[in-house]
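**Q** Once you've had a glance at the structure underneath, I'll fire off some questions.
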Amino acid sequence: MSPKNLPYLDLGGAPHDDDLCCRFHLEASTISLEEAANAIAAESSIGTWTDVGALTPELQQRLRARVISMEGNTVEVAYPAVLFEAGNMAQVYSSVAGNIFGMKEVAALRLEAARFPQEFVKTFPGPAKGLRGIREALGVKGRPIVGTIVKPKIGLPPKEQARVLYEAMAGGCDVVKDDENLTSQPFCPFEERLRACLDAAKRAEDETGEAKGYIPNVTAPTETMLRRAGLVAHLGGRFAMVDLITAGWSGVQSLRNAELGLILHGHRAMHAAFTRNPAHGIAMAVLARSARLAGIDQLHVGTAVGKMEGKAREVARSASALTAALEPGAGAEGQDWSGVKAAMPIASGGLHPGHVAAVVALFGNDVIMQFGGGIHGHPQGTRAGARAVRQAADAAVAGVPLVEAAKSAPELAAALAKWGVVE
């Protein structure tokens with residue numbers, strides 16, 4: 001039951017089957033934790049800072065968010081499904097991750113987990129291709145998918161961008177993508193780059209006998225983004241990349257709902273502004289689960305090694321949010337995802353061939369491993385760098401130590417001599 005002056009507390013209550021449940025880490029400012037929990041439940045559902053005449057007791061009882069559990073600083077809130085518009089991820093985040101982060105009653109707040117009602121899940125399309133569709137498109141079985149980002153990340157003209165892409169693909173990369181801040185600058189216009197890189201990818205396919213994928217960054221205002229993605233599909237491209245945080249959920253959903261037949265690559269640029277602080281913000285796993293629902297086919301989740309912050313447990317949790325058919329647990333943890341296609345995790349950020357065994361140990365084979373400087377910075381150049389990564393991937397899958405594999409793989413040997421092996 002709720003104290004009269006804390007009407008959003010329902011401690012010991014059970015979530016309803018159609019509730020959207022969120023688990024928060026909450027630290028109060030100058031009030032009690034119970035008062036702060038009541039305040040965030042009110043603000044994220046139907047309450048405000050004072051009594052208002054139109055909020056009748058009946059309406060409050062029917063539509064209020066309920067704080068159903070408090071253990072230490074962990075607070076679980078159950079939201080009636082009727083508070084949310086079907087198929088509208090932006091509206092969900094405006095509610096459960098909106099004004100509450102700026103409230104004076106809150107010293108720190110982090111959205112750690114979210115469980116969407118089963119009927120609500122069905123209003124989102126999920127990935128069009130997903131993990132299996134990506135493997136089918138590339139014809140890659142039994143090993144991680146190998147990719148790179150053209151480096152330098154920005155500044156090359158289209159022909160040079162295409163040349164670097166070709167060298168990487170000819171050396172063994174399955175996919176090559178633009179970086180997150182390359183869109184359509186004057187030195188590298190989008191359409192010219194797209195045509196040049198698709199042509200280069202076709203030449204690499206003909207030379208290697210392997211399917212190759214160029215991943216152009218289409219991020220832009222929504223109308224422009226849709227035009228760019230449409231051109232990719234028209235010219236026979238298989239992939240398109242969107243910076244999903246900066247483009248926003250509405251942009252991502254518009255891209256997915258366009259039904260262009262493209263594999264959508266989600267880059268998480270800007271995520272650490274609110275995922276990195278363990279006490280305040282939103283957990284990456286929550287974003288990953290939401291991106292999967294919205295229709296992203298593959299998504300950056302970190303590496304636990306390399307240059308980007310993120311511990312192995314958090315990275316593994318984010319990867320599971322993309323791939324799991326059934327998430328165990330109750331409340332904000334439990335979720336049946338058997339009706340949503342699995343998406344592919346991407347490990348990217350400061351990787352080199354010496355990291356490969358560690359990445360495979362964490363992710364297994366269902367991962368896209370993306371290397372930037374770890375391919376292009378190889379002492380013998382980009383093509384040799386790509387070969388070194390493929391050699392490392394084959395060794396890791398076979399359970400052969402990288403140092404042992406390098407004895408018969410000169411490109412890998414050169415990479416390990418430069419960067420070493422990371423266990």
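Every chain in the structure tokens takes a letter, A first, then B, and so on in the order presented; its residues are numbered from 1, and the ligands are numbered from 1 following the presented order.
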Within 6 Å of range 376-393 of chain A, counting only C-alpha atoms, which residues show up once you throw out same-chain ones fewer than 4 positions away? Write them as a VMD selection string, please.
**A** chain A and resid 167 to 168 171 to 173 353 411 to 412
**Q** How about saving the chosen residues, N, CA and C atoms kept, as a PDB file, in the first residue's frame?
**A**
```
ATOM      1  N   GLU A 167      41.458  -2.173 -50.840  1.00  0.00           N
ATOM      2  CA  GLU A 167      42.603  -2.852 -50.263  1.00  0.00           C
ATOM      3  C   GLU A 167      42.190  -3.692 -49.049  1.00  0.00           C
ATOM      4  N   ALA A 168      41.313  -3.140 -48.222  1.00  0.00           N
ATOM      5  CA  ALA A 168      40.859  -3.873 -47.042  1.00  0.00           C
ATOM      6  C   ALA A 168      40.051  -5.104 -47.429  1.00  0.00           C
ATOM      7  N   GLY A 171      42.127  -7.839 -48.940  1.00  0.00           N
ATOM      8  CA  GLY A 171      42.917  -8.527 -47.935  1.00  0.00           C
ATOM      9  C   GLY A 171      42.119  -9.468 -47.055  1.00  0.00           C
ATOM     10  N   GLY A 172      40.783  -9.363 -47.080  1.00  0.00           N
ATOM     11  CA  GLY A 172      39.982 -10.299 -46.304  1.00  0.00           C
ATOM     12  C   GLY A 172      38.850  -9.716 -45.496  1.00  0.00           C
ATOM     13  N   CYS A 173      38.682  -8.392 -45.468  1.00  0.00           N
ATOM     14  CA  CYS A 173      37.553  -7.810 -44.741  1.00  0.00           C
ATOM     15  C   CYS A 173      36.239  -8.163 -45.440  1.00  0.00           C
ATOM     16  N   PRO A 353      44.950  -7.030 -34.360  1.00  0.00           N
ATOM     17  CA  PRO A 353      44.912  -8.496 -34.430  1.00  0.00           C
ATOM     18  C   PRO A 353      45.218  -9.202 -33.115  1.00  0.00           C
ATOM     19  N   GLU A 411      51.773 -12.019 -42.051  1.00  0.00           N
ATOM     20  CA  GLU A 411      51.070 -10.760 -41.774  1.00  0.00           C
ATOM     21  C   GLU A 411      50.671 -10.671 -40.305  1.00  0.00           C
ATOM     22  N   LEU A 412      50.200 -11.787 -39.747  1.00  0.00           N
ATOM     23  CA  LEU A 412      49.853 -11.807 -38.330  1.00  0.00           C
ATOM     24  C   LEU A 412      51.097 -11.626 -37.478  1.00  0.00           C
TER      25      LEU A 412
END
```
**Q** Give me the residues near Val242 in chain A as number ranges by chain, where near means some atom within 10 Å (using only C-alpha atoms) and where sequence neighbours in that chain fewer than 4 positions away do not count.
**A** A: 180, 215-220, 225, 229, 246-248, 251-252, 255, 264-269, 296, 299
**Q** Write out as a VMD selection string which residues come within 12 Å of Asn88 in chain A when counting only C-alpha atoms, dropping same-chain ones fewer than 2 positions away.
**A** chain A and resid 83 to 86 90 to 95 120 to 125 248 to 254 257 290 293 to 294
**Q** Apply DSSP to the backbone of this structure and, from range 14-212 of chain A, keep only the residues in helix (DSSP H, G or I); write these as an NGL selection string.
**A** :A and (33-43 or 57-63 or 81-83 or 89-96 or 99-102 or 118-121 or 130-138 or 158-171 or 190-208)
**Q** Write out as a PyMOL selection string each polymer residue whose atoms come within 10 Å of Gly133 in chain A, counting only C-alpha atoms; drop sequence neighbours fewer than 6 positions from it.
**A** chain A and resi 127+139+263+297+341-344
**Q** Create the file for the chosen residues now, containing N, CA and C atoms and written as a tab-separated table (two decimals), in the first residue's frame.
**A**
```
chain	number	residue	atom	x	y	z
A	127	PRO	N	14.55	-6.08	-36.25
A	127	PRO	CA	15.45	-6.08	-37.40
A	127	PRO	C	14.81	-6.71	-38.63
A	139	GLY	N	27.53	-14.56	-46.73
A	139	GLY	CA	27.99	-15.93	-46.92
A	139	GLY	C	29.05	-16.35	-45.93
A	263	ILE	N	20.45	-3.75	-44.68
A	263	ILE	CA	20.89	-4.11	-43.34
A	263	ILE	C	21.29	-2.80	-42.65
A	297	ASP	N	19.87	-3.76	-37.26
A	297	ASP	CA	20.32	-5.13	-37.49
A	297	ASP	C	21.65	-5.44	-36.81
A	341	LYS	N	13.73	-10.84	-34.12
A	341	LYS	CA	14.99	-11.35	-34.67
A	341	LYS	C	16.18	-10.88	-33.84
A	342	ALA	N	17.17	-11.73	-33.72
A	342	ALA	CA	18.41	-11.34	-33.06
A	342	ALA	C	19.17	-10.37	-33.94
A	343	ALA	N	19.79	-9.38	-33.32
A	343	ALA	CA	20.67	-8.45	-34.02
A	343	ALA	C	22.12	-8.86	-33.75
A	344	MET	N	23.04	-8.35	-34.55
A	344	MET	CA	24.45	-8.73	-34.45
A	344	MET	C	25.24	-7.69	-33.64
```
